[in-house]
Amino acid sequence: MAGSPLSAPSSSSSWHGSLAGAGSWPQWLPRVGLADFCSIEVLLTVAISAGTEVSRGGARAILANLEAAGFFRDSAVGGVFLLRPEVKAMMLAELERGEPGIERVRKQLSAAGLARPAGGIGPQLAKWALESGDWAGFEAIWRMHSPGDLLADPAVRDGYAAVPTELRARHPGLSFAAALASAYEPGSDRLDLDRMATALIRDGRTLHGDWVSHRTAEARVVAGTLWMLAQAAIPESLAGAGREVTTHTYEDLLDLIRHSSLSGAAVSARALTFFHSIVSLVSLLRGDWSRARREGEFAMILSEGCGLPGFLAALVVGSACAMSGGTQDSAVTEKFLADHAAHQCSPGVWLEPAFHLVKADSALRALDREQARHYLRLHAVDASSTQWFNARRMHAAVMSTAAILWEDPEQGLAAFDSLVPESGGELQQANPWDRLLLRCRVELLLALGAGSRAEQLVEDLLASGDDSVSAVPAAWYYLCAGRFDDALSKADEGIFELKVSLADRAFLYAAKSAALQQGGAGDELVASAATAACVTCAQANTLLPFAALPAPVRGYLVGEHGRQHGSDCFLSRAVRRGAFDSLRDGALTIAPPLRLTPREEVLLPLLATAATVQEIADQQYVSVNTIRKQVVSLRLKFGAASRDDLIRRAHEAGLLNRTAK
C-alpha cells in the first residue's frame, strides 16, 4: 500500500530525504527506476518482484501520489507516465546502495513478469530478461506476448535478432523469435517472409536435429517442429524417402504431445499453434489439401492473441480451400481475419500481402471482376520479390479462372504457361499440384474451343484415378464435345464420389443440367438438375459453375429452375443483381448434338477402318457413288476437311470406339 502523499523535492541534495521519510512510500518503489515508464501494470509487477501484493486500487493511489508530487515529466498517455530524469537517477542510486543490488533486482523483475503476465508491458519484461541474462525468461516472454508489441521496441527487436547460436540451440523458441526479428523491417512495418523462412529452415537443419534431447516437452515440440520444417524444405523430401522421414517426425511429435497431455505436462497453446501451422504449411506445399485445412484449423483455434502462426494457419486454410474447392471451409479464414481486422494487429498487417490470392479467389466465386483483378495485380507485384511465399502455382490457377471468365483465353493460356510451363508436359501422378494445373489447362483449352488439345490431358487426368480432380474437367470436356451421355455419366459418378468437394459437386450438377437440356431431356428433369446445382452453389457460396456456361444455356436453366421451384433462389438473385453481366459470352462452347441417319451410323465405323471406299461399297451391296455421297454428308455434319479429320472429330464426339482406326 502507499503511504502518505509524496512531496516534490526542491533540490537534488534533498531527493533521498524526500523519499526516505518513514511511511511516505513503499520500500520497493525505487525499483520503478529500472522501468522505461510507470503505469499500474508496472507498479503491480514491481511490487510482486519485491514479494509484496498490491491491489489495483493501491497501485492507482501510488500513481496518483507520484503524479501529484510532480515526479513525472509529463501527463499520462494511455495511463503511461515517464519519470523525470532526476527522479529516475535518484531511484537507481538508491538501488545501488541497497540490497540486493540492481542486477539481482532485474532478475527478480523478470521472474515477476513471468509469474504475472500483464498486457502492455511485454517489451519492458523482455528488456529486464535481456539485461539480466535470463534467456529462458527471454524465450518465455516471446511466447506470452504479441510479437508486434515486442518488435516495436528497437532494443527488444535487436535483442531477439542477435541471440547467439548456442542459446538458440538451447532455447528453440528463440530460433523463431530471432528469425522473425531479423526479418522485420521497421521502416515499412513489413515482414520479409523469405528471410524469415530461410532463417527458420537454417536453424531447424543446423541446431535442432537432436530435438528429442531437450528436457521439457515444450522445447521438444518447438525444436522438433523446426526440424520437420527443415526436412520438408529439402526439394528431394517432397516425395519418396524424404517424405517418409518428415512423416516420421510428425508422428513422433504427435505422440509426444499426446503423452505430455496425459502426464500433466501439457504443451502450451503457443507451441501447439506453431506445430499445427507448420504442419499445415508443409501439407499445402505437397498438395495435401485436407490435412492442410485440418491442421490449419487446429492452429487457428489454439492461436492466442495475435500470434504470427495463427495468421500463417489462416493463410494456409484459405489457400487450401481455394485450390481444393472446399469453399465452405474458407469461412473459417474469413472469420479469423474479421476478428483481427478491427484492431489492425501487426501480424495481420505483415501477412496481408500473402492473402491477396485468397481474396482474389473469393472475388472470383462472387463474380466480382474488379476485386479479382485488383488482388491478382497486387499479388503479381508482391510475388515478384519473393521466393518462398509467391504461390506461383496458386496464382496460375486463380489467374486461369479469371481469364476464362473475363479475359482473352488465348492470352490467359500464354500467361498460364509462362508461370507453370511444366503443366503441358507429362503428368506426375504423385503430385496433386500437377493434376490441379492440368485441370486448369484443360479448362483454358475448352474456353478456347480447342477440344482436341484438351482430350489427351483429360485422358491423363482420368488415368490418375483421382476423381476429385478429374471428374469436373472430364464432364465439361464431354459437354463441350457434344457427348451428352458421357457428360451425364461422368457427372453422376463425380457427384457421388466422397472426395469431390462441394464446389466441384456444384460444377457437376451444372454440367448435368446443361447436358440434359442440350440432349433434349424433358423440362422437369432439366429443372430438377438445375435446382440441385443452384442449391449446391448456394452451399458452396460460388457462382462459377453457371458462369462457365454459354449465356443462352445459363438463362434457360435458371429460368426453368425458377418456374419449377420458385424464383427467389441463389441463382435468380445473382441474375437480378447483374452478377453474370460482365462475363464473356460463355466460357464454354457446347457443340450441338449430331443426328446420324441409320445408314450413317453403319458407315461411320467402317470409315474408321483401313477399308477403301470400294471395299465398303462392296460390303454394303451399294454403289461407290452412294458411299461417296454419304461420306460427303458426314463430313458436312462434322465440319471435317477429310476422311481422317472426319474420324478424328467422330472420336472426339464419342461416336466411335476410341481404339478403332
# chains A, B, ... in the order shown; residues from 1 in each chain; ligands from 1

$ residues_around --residues "Gly494 of chain A" --least-positions-apart "3" --cutoff "12 Å" --atoms "only C-alpha atoms" --output "PDB file with N, CA and C atoms, in the first residue's frame"
ATOM      1  N   LEU A 462      -7.950 -38.659 -66.086  1.00  0.00           N
ATOM      2  CA  LEU A 462      -8.752 -39.843 -65.772  1.00  0.00           C
ATOM      3  C   LEU A 462      -7.865 -41.020 -65.394  1.00  0.00           C
ATOM      4  N   GLY A 465      -6.700 -41.598 -61.685  1.00  0.00           N
ATOM      5  CA  GLY A 465      -7.566 -42.244 -60.705  1.00  0.00           C
ATOM      6  C   GLY A 465      -8.052 -41.344 -59.603  1.00  0.00           C
ATOM      7  N   ASP A 466      -7.788 -40.053 -59.702  1.00  0.00           N
ATOM      8  CA  ASP A 466      -8.214 -39.103 -58.669  1.00  0.00           C
ATOM      9  C   ASP A 466      -9.456 -38.371 -59.166  1.00  0.00           C
ATOM     10  N   ASP A 467     -10.637 -38.903 -58.832  1.00  0.00           N
ATOM     11  CA  ASP A 467     -11.878 -38.307 -59.308  1.00  0.00           C
ATOM     12  C   ASP A 467     -12.113 -36.916 -58.734  1.00  0.00           C
ATOM     13  N   SER A 468     -11.477 -36.611 -57.604  1.00  0.00           N
ATOM     14  CA  SER A 468     -11.664 -35.287 -57.016  1.00  0.00           C
ATOM     15  C   SER A 468     -11.088 -34.199 -57.920  1.00  0.00           C
ATOM     16  N   VAL A 469     -10.159 -34.581 -58.821  1.00  0.00           N
ATOM     17  CA  VAL A 469      -9.575 -33.622 -59.760  1.00  0.00           C
ATOM     18  C   VAL A 469     -10.104 -33.838 -61.177  1.00  0.00           C
ATOM     19  N   SER A 470     -10.356 -35.089 -61.558  1.00  0.00           N
ATOM     20  CA  SER A 470     -10.668 -35.389 -62.963  1.00  0.00           C
ATOM     21  C   SER A 470     -12.145 -35.297 -63.308  1.00  0.00           C
ATOM     22  N   ALA A 471     -13.043 -35.443 -62.342  1.00  0.00           N
ATOM     23  CA  ALA A 471     -14.471 -35.535 -62.660  1.00  0.00           C
ATOM     24  C   ALA A 471     -14.983 -34.286 -63.357  1.00  0.00           C
ATOM     25  N   VAL A 472     -14.652 -33.114 -62.832  1.00  0.00           N
ATOM     26  CA  VAL A 472     -15.180 -31.877 -63.406  1.00  0.00           C
ATOM     27  C   VAL A 472     -14.638 -31.617 -64.814  1.00  0.00           C
ATOM     28  N   PRO A 473     -13.305 -31.612 -65.026  1.00  0.00           N
ATOM     29  CA  PRO A 473     -12.842 -31.343 -66.401  1.00  0.00           C
ATOM     30  C   PRO A 473     -13.311 -32.391 -67.402  1.00  0.00           C
ATOM     31  N   ALA A 474     -13.445 -33.658 -66.976  1.00  0.00           N
ATOM     32  CA  ALA A 474     -13.927 -34.683 -67.898  1.00  0.00           C
ATOM     33  C   ALA A 474     -15.386 -34.422 -68.276  1.00  0.00           C
ATOM     34  N   ALA A 475     -16.219 -34.109 -67.291  1.00  0.00           N
ATOM     35  CA  ALA A 475     -17.632 -33.839 -67.578  1.00  0.00           C
ATOM     36  C   ALA A 475     -17.784 -32.622 -68.483  1.00  0.00           C
ATOM     37  N   TRP A 476     -16.992 -31.576 -68.219  1.00  0.00           N
ATOM     38  CA  TRP A 476     -17.076 -30.377 -69.059  1.00  0.00           C
ATOM     39  C   TRP A 476     -16.556 -30.653 -70.466  1.00  0.00           C
ATOM     40  N   ALA A 487     -21.175 -37.055 -70.683  1.00  0.00           N
ATOM     41  CA  ALA A 487     -21.160 -35.976 -69.691  1.00  0.00           C
ATOM     42  C   ALA A 487     -22.070 -36.307 -68.521  1.00  0.00           C
ATOM     43  N   LEU A 488     -23.258 -36.846 -68.808  1.00  0.00           N
ATOM     44  CA  LEU A 488     -24.184 -37.233 -67.738  1.00  0.00           C
ATOM     45  C   LEU A 488     -23.589 -38.337 -66.875  1.00  0.00           C
ATOM     46  N   SER A 489     -22.981 -39.325 -67.527  1.00  0.00           N
ATOM     47  CA  SER A 489     -22.403 -40.448 -66.794  1.00  0.00           C
ATOM     48  C   SER A 489     -21.278 -39.985 -65.877  1.00  0.00           C
ATOM     49  N   LYS A 490     -20.357 -39.153 -66.405  1.00  0.00           N
ATOM     50  CA  LYS A 490     -19.224 -38.680 -65.600  1.00  0.00           C
ATOM     51  C   LYS A 490     -19.707 -37.754 -64.480  1.00  0.00           C
ATOM     52  N   ALA A 491     -20.717 -36.907 -64.767  1.00  0.00           N
ATOM     53  CA  ALA A 491     -21.247 -36.016 -63.727  1.00  0.00           C
ATOM     54  C   ALA A 491     -21.843 -36.827 -62.585  1.00  0.00           C
ATOM     55  N   GLU A 497     -19.031 -39.246 -55.592  1.00  0.00           N
ATOM     56  CA  GLU A 497     -17.676 -39.565 -55.136  1.00  0.00           C
ATOM     57  C   GLU A 497     -17.405 -38.780 -53.843  1.00  0.00           C
ATOM     58  N   LEU A 498     -17.030 -39.481 -52.781  1.00  0.00           N
ATOM     59  CA  LEU A 498     -16.898 -38.853 -51.463  1.00  0.00           C
ATOM     60  C   LEU A 498     -15.828 -37.768 -51.433  1.00  0.00           C
ATOM     61  N   LYS A 499     -14.754 -37.951 -52.208  1.00  0.00           N
ATOM     62  CA  LYS A 499     -13.640 -36.995 -52.142  1.00  0.00           C
ATOM     63  C   LYS A 499     -13.907 -35.705 -52.910  1.00  0.00           C
ATOM     64  N   VAL A 500     -14.956 -35.672 -53.723  1.00  0.00           N
ATOM     65  CA  VAL A 500     -15.239 -34.474 -54.511  1.00  0.00           C
ATOM     66  C   VAL A 500     -15.750 -33.371 -53.592  1.00  0.00           C
ATOM     67  N   SER A 501     -15.215 -32.165 -53.743  1.00  0.00           N
ATOM     68  CA  SER A 501     -15.602 -31.044 -52.879  1.00  0.00           C
ATOM     69  C   SER A 501     -17.005 -30.556 -53.207  1.00  0.00           C
ATOM     70  N   LEU A 502     -17.559 -29.768 -52.297  1.00  0.00           N
ATOM     71  CA  LEU A 502     -18.906 -29.236 -52.502  1.00  0.00           C
ATOM     72  C   LEU A 502     -18.948 -28.327 -53.725  1.00  0.00           C
ATOM     73  N   ALA A 503     -17.931 -27.491 -53.901  1.00  0.00           N
ATOM     74  CA  ALA A 503     -17.908 -26.602 -55.068  1.00  0.00           C
ATOM     75  C   ALA A 503     -17.839 -27.406 -56.357  1.00  0.00           C
ATOM     76  N   ASP A 504     -17.066 -28.492 -56.372  1.00  0.00           N
ATOM     77  CA  ASP A 504     -16.999 -29.316 -57.577  1.00  0.00           C
ATOM     78  C   ASP A 504     -18.306 -30.069 -57.819  1.00  0.00           C
ATOM     79  N   ARG A 505     -19.011 -30.427 -56.753  1.00  0.00           N
ATOM     80  CA  ARG A 505     -20.342 -31.023 -56.944  1.00  0.00           C
ATOM     81  C   ARG A 505     -21.267 -30.024 -57.630  1.00  0.00           C
ATOM     82  N   ALA A 506     -21.130 -28.748 -57.264  1.00  0.00           N
ATOM     83  CA  ALA A 506     -21.940 -27.726 -57.927  1.00  0.00           C
ATOM     84  C   ALA A 506     -21.609 -27.676 -59.423  1.00  0.00           C
ATOM     85  N   PHE A 507     -20.314 -27.758 -59.770  1.00  0.00           N
ATOM     86  CA  PHE A 507     -19.915 -27.800 -61.181  1.00  0.00           C
ATOM     87  C   PHE A 507     -20.535 -29.013 -61.885  1.00  0.00           C
ATOM     88  N   LEU A 508     -20.519 -30.161 -61.216  1.00  0.00           N
ATOM     89  CA  LEU A 508     -21.026 -31.381 -61.835  1.00  0.00           C
ATOM     90  C   LEU A 508     -22.542 -31.331 -62.015  1.00  0.00           C
ATOM     91  N   TYR A 509     -23.256 -30.778 -61.039  1.00  0.00           N
ATOM     92  CA  TYR A 509     -24.702 -30.615 -61.204  1.00  0.00           C
ATOM     93  C   TYR A 509     -25.008 -29.647 -62.349  1.00  0.00           C
ATOM     94  N   ALA A 511     -23.085 -29.130 -64.998  1.00  0.00           N
ATOM     95  CA  ALA A 511     -22.798 -29.864 -66.239  1.00  0.00           C
ATOM     96  C   ALA A 511     -23.916 -30.851 -66.553  1.00  0.00           C
ATOM     97  N   LYS A 512     -24.438 -31.496 -65.520  1.00  0.00           N
ATOM     98  CA  LYS A 512     -25.524 -32.461 -65.726  1.00  0.00           C
ATOM     99  C   LYS A 512     -26.771 -31.768 -66.259  1.00  0.00           C
TER     100      LYS A 512
END

$ closest_residue --among "A:Thr273, A:Leu544, A:Gly287, A:His259" --to "Asp361 of chain A" --atoms "only C-alpha atoms"
A:Leu544

$ select_by_dssp --residues "segment 547-621 of chain A" --states "alpha helix (DSSP H)" --output "mmCIF file with C-alpha atoms, in the first residue's frame"
data_model
loop_
_atom_site.group_PDB
_atom_site.id
_atom_site.type_symbol
_atom_site.label_atom_id
_atom_site.label_comp_id
_atom_site.auth_asym_id
_atom_site.auth_seq_id
_atom_site.Cartn_x
_atom_site.Cartn_y
_atom_site.Cartn_z
ATOM 1 C CA ALA A 547 -20.706 -18.531 -65.092
ATOM 2 C CA ALA A 551 -25.408 -17.318 -71.733
ATOM 3 C CA PRO A 552 -28.386 -18.945 -73.566
ATOM 4 C CA VAL A 553 -27.884 -22.250 -71.729
ATOM 5 C CA ARG A 554 -27.468 -20.492 -68.367
ATOM 6 C CA GLY A 555 -30.544 -18.347 -68.975
ATOM 7 C CA TYR A 556 -32.661 -21.364 -69.890
ATOM 8 C CA LEU A 557 -31.541 -23.382 -66.847
ATOM 9 C CA VAL A 558 -32.075 -20.513 -64.394
ATOM 10 C CA GLY A 559 -35.462 -19.705 -65.935
ATOM 11 C CA GLU A 560 -36.659 -23.305 -65.965
ATOM 12 C CA HIS A 561 -35.482 -23.829 -62.399
ATOM 13 C CA GLY A 562 -37.267 -20.630 -61.347
ATOM 14 C CA ARG A 563 -40.546 -21.662 -62.987
ATOM 15 C CA GLN A 564 -40.470 -25.101 -61.420
ATOM 16 C CA HIS A 565 -39.109 -24.276 -57.966
ATOM 17 C CA PHE A 570 -29.367 -18.106 -55.082
ATOM 18 C CA LEU A 571 -29.037 -18.024 -58.875
ATOM 19 C CA SER A 572 -32.106 -15.904 -59.571
ATOM 20 C CA ARG A 573 -30.918 -13.264 -57.100
ATOM 21 C CA ALA A 574 -27.497 -13.281 -58.787
ATOM 22 C CA VAL A 575 -29.154 -12.733 -62.183
ATOM 23 C CA ARG A 576 -31.269 -9.849 -60.869
ATOM 24 C CA PRO A 598 -29.260 -45.283 -89.706
ATOM 25 C CA ARG A 599 -27.085 -45.681 -92.821
ATOM 26 C CA GLU A 600 -24.555 -43.143 -91.494
ATOM 27 C CA GLU A 601 -24.414 -44.987 -88.162
ATOM 28 C CA VAL A 602 -23.402 -48.119 -90.065
ATOM 29 C CA LEU A 603 -20.956 -46.333 -92.374
ATOM 30 C CA LEU A 604 -19.035 -44.287 -89.787
ATOM 31 C CA PRO A 605 -17.230 -47.199 -88.041
ATOM 32 C CA LEU A 606 -16.386 -48.704 -91.439
ATOM 33 C CA LEU A 607 -14.695 -45.439 -92.441
ATOM 34 C CA VAL A 613 -14.499 -46.772 -100.373
ATOM 35 C CA GLN A 614 -14.849 -49.543 -102.997
ATOM 36 C CA GLU A 615 -14.426 -52.237 -100.351
ATOM 37 C CA ILE A 616 -17.017 -50.584 -98.111
ATOM 38 C CA ALA A 617 -19.440 -50.308 -101.026
ATOM 39 C CA ASP A 618 -18.978 -53.996 -101.792
ATOM 40 C CA GLN A 619 -19.645 -54.905 -98.126
ATOM 41 C CA GLN A 620 -22.856 -52.837 -98.109
#

$ atom_distance --atom1 "atom CA of Ala313 of chain A" --atom2 "atom CA of Trp211 of chain A"
23.1 Å

$ closest_residue --among "A:Arg116, A:Met90, A:Ile495, A:Gly187" --to "Leu44 of chain A" --atoms "only C-alpha atoms"
A:Arg116

$ closest_atom_pairs --of "segment 300-371 of chain A" --to "segment 385-397 of chain A" --cutoff "8 Å" --atoms "only C-alpha atoms" --output "JSON lines"
{"residue": "A:Ser319", "atom": "CA", "partner": "A:Met394", "partner_atom": "CA", "distance": 7.9}
{"residue": "A:Met323", "atom": "CA", "partner": "A:Met394", "partner_atom": "CA", "distance": 7.2}
{"residue": "A:Ala354", "atom": "CA", "partner": "A:Phe389", "partner_atom": "CA", "distance": 7.0}
{"residue": "A:Leu357", "atom": "CA", "partner": "A:His395", "partner_atom": "CA", "distance": 6.6}

$ residues_around --residues "Met228 of chain A" --least-positions-apart "2" --cutoff "8 Å" --atoms "only C-alpha atoms" --output "list in words"
Gly204, Gly224, Thr225, Leu226, Ala230, Gln231, Ala232, Thr246, Thr249 and Tyr250 of chain A

$ closest_residue --among "A:Ser260, A:Ser290, A:Asn625, A:Ser303" --to "Ser277 of chain A" --atoms "only C-alpha atoms"
A:Ser303

$ atom_distance --atom1 "atom CA of Leu438 of chain A" --atom2 "atom CA of Pro409 of chain A"
15.5 Å

$ residues_around --residues "Ile257 of chain A" --least-positions-apart "5" --cutoff "8 Å" --atoms "only C-alpha atoms" --output "VMD selection string"
chain A and resid 217 221 266 to 267

$ write_last_selection --atoms "C-alpha atoms" --output "short mmCIF file (atom, residue, chain, number, x, y, z; two decimals), in the first residue's frame"
data_model
loop_
_atom_site.label_atom_id
_atom_site.label_comp_id
_atom_site.auth_asym_id
_atom_site.auth_seq_id
_atom_site.Cartn_x
_atom_site.Cartn_y
_atom_site.Cartn_z
CA ALA A 217 8.09 -31.30 -23.79
CA VAL A 221 7.80 -29.70 -29.69
CA ALA A 266 0.82 -30.28 -21.34
CA VAL A 267 2.48 -28.23 -24.05
#

$ residues_around --residues "Ala162 of chain A" --least-positions-apart "3" --cutoff "12 Å" --atoms "only C-alpha atoms" --output "ChimeraX atom specification"
/A:130,155-159,165-168,174-175,177-182

$ write_last_selection --atoms "C-alpha atoms" --output "mmCIF file, in the first residue's frame"
data_model
loop_
_atom_site.group_PDB
_atom_site.id
_atom_site.type_symbol
_atom_site.label_atom_id
_atom_site.label_comp_id
_atom_site.auth_asym_id
_atom_site.auth_seq_id
_atom_site.Cartn_x
_atom_site.Cartn_y
_atom_site.Cartn_z
ATOM 1 C CA LEU A 130 17.685 -9.434 -21.641
ATOM 2 C CA ALA A 155 16.114 -2.570 -28.161
ATOM 3 C CA VAL A 156 13.940 -5.651 -27.783
ATOM 4 C CA ARG A 157 13.938 -6.291 -31.545
ATOM 5 C CA ASP A 158 17.717 -6.077 -31.696
ATOM 6 C CA GLY A 159 17.976 -8.323 -28.655
ATOM 7 C CA THR A 165 23.603 -19.604 -31.911
ATOM 8 C CA GLU A 166 24.324 -21.679 -28.807
ATOM 9 C CA LEU A 167 21.419 -20.048 -26.976
ATOM 10 C CA ARG A 168 19.029 -20.655 -29.882
ATOM 11 C CA LEU A 174 14.414 -18.124 -29.590
ATOM 12 C CA SER A 175 15.049 -19.507 -33.101
ATOM 13 C CA ALA A 177 11.952 -15.097 -32.272
ATOM 14 C CA ALA A 178 15.321 -14.424 -33.914
ATOM 15 C CA ALA A 179 14.029 -15.340 -37.390
ATOM 16 C CA LEU A 180 11.032 -13.039 -37.045
ATOM 17 C CA ALA A 181 13.023 -10.175 -35.507
ATOM 18 C CA SER A 182 15.707 -10.296 -38.187
#

$ decode --residues "segment 365-419 of chain A" --atoms "C-alpha atoms" --output "mmCIF file, in the first residue's frame"
data_model
loop_
_atom_site.group_PDB
_atom_site.id
_atom_site.type_symbol
_atom_site.label_atom_id
_atom_site.label_comp_id
_atom_site.auth_asym_id
_atom_site.auth_seq_id
_atom_site.Cartn_x
_atom_site.Cartn_y
_atom_site.Cartn_z
ATOM 1 C CA ARG A 365 -16.611 -17.022 -56.670
ATOM 2 C CA ALA A 366 -18.747 -13.894 -56.306
ATOM 3 C CA LEU A 367 -18.003 -12.878 -59.947
ATOM 4 C CA ASP A 368 -16.573 -9.578 -58.689
ATOM 5 C CA ARG A 369 -14.326 -8.783 -61.651
ATOM 6 C CA GLU A 370 -12.777 -5.581 -60.290
ATOM 7 C CA GLN A 371 -11.829 -7.075 -56.927
ATOM 8 C CA ALA A 372 -10.440 -10.204 -58.556
ATOM 9 C CA ARG A 373 -8.299 -8.142 -60.927
ATOM 10 C CA HIS A 374 -7.208 -5.856 -58.080
ATOM 11 C CA TYR A 375 -5.901 -8.662 -55.869
ATOM 12 C CA LEU A 376 -4.297 -10.516 -58.775
ATOM 13 C CA ARG A 377 -2.385 -7.346 -59.693
ATOM 14 C CA LEU A 378 -1.304 -6.820 -56.087
ATOM 15 C CA HIS A 379 -0.067 -10.386 -55.821
ATOM 16 C CA ALA A 380 1.815 -10.116 -59.110
ATOM 17 C CA VAL A 381 3.689 -7.098 -57.713
ATOM 18 C CA ASP A 382 4.438 -8.625 -54.306
ATOM 19 C CA ALA A 383 5.327 -12.064 -55.665
ATOM 20 C CA SER A 384 7.983 -10.635 -57.958
ATOM 21 C CA SER A 385 10.283 -10.099 -54.974
ATOM 22 C CA THR A 386 9.579 -13.289 -53.020
ATOM 23 C CA GLN A 387 10.518 -16.928 -53.425
ATOM 24 C CA TRP A 388 9.006 -18.887 -50.558
ATOM 25 C CA PHE A 389 5.586 -17.262 -50.451
ATOM 26 C CA ASN A 390 4.982 -16.191 -54.043
ATOM 27 C CA ALA A 391 2.478 -19.066 -54.579
ATOM 28 C CA ARG A 392 3.271 -19.257 -58.302
ATOM 29 C CA ARG A 393 1.098 -22.321 -58.916
ATOM 30 C CA MET A 394 -1.826 -20.926 -56.977
ATOM 31 C CA HIS A 395 -1.513 -17.653 -58.867
ATOM 32 C CA ALA A 396 -1.634 -19.560 -62.161
ATOM 33 C CA ALA A 397 -4.771 -21.440 -61.087
ATOM 34 C CA VAL A 398 -6.652 -18.333 -59.918
ATOM 35 C CA MET A 399 -5.499 -16.300 -62.930
ATOM 36 C CA SER A 400 -6.683 -19.013 -65.336
ATOM 37 C CA THR A 401 -10.233 -18.800 -63.957
ATOM 38 C CA ALA A 402 -10.223 -15.014 -64.311
ATOM 39 C CA ALA A 403 -9.040 -15.359 -67.917
ATOM 40 C CA ILE A 404 -11.829 -17.819 -68.701
ATOM 41 C CA LEU A 405 -14.496 -15.562 -67.221
ATOM 42 C CA TRP A 406 -13.469 -12.108 -68.410
ATOM 43 C CA GLU A 407 -10.261 -12.014 -70.421
ATOM 44 C CA ASP A 408 -8.919 -13.420 -73.667
ATOM 45 C CA PRO A 409 -8.429 -17.162 -73.001
ATOM 46 C CA GLU A 410 -5.587 -17.324 -75.531
ATOM 47 C CA GLN A 411 -3.641 -14.657 -73.664
ATOM 48 C CA GLY A 412 -4.628 -16.363 -70.429
ATOM 49 C CA LEU A 413 -3.177 -19.654 -71.655
ATOM 50 C CA ALA A 414 0.080 -17.931 -72.654
ATOM 51 C CA ALA A 415 0.341 -16.289 -69.222
ATOM 52 C CA PHE A 416 -0.533 -19.601 -67.543
ATOM 53 C CA ASP A 417 2.178 -21.483 -69.442
ATOM 54 C CA SER A 418 4.734 -18.802 -68.605
ATOM 55 C CA LEU A 419 4.005 -19.296 -64.899
#
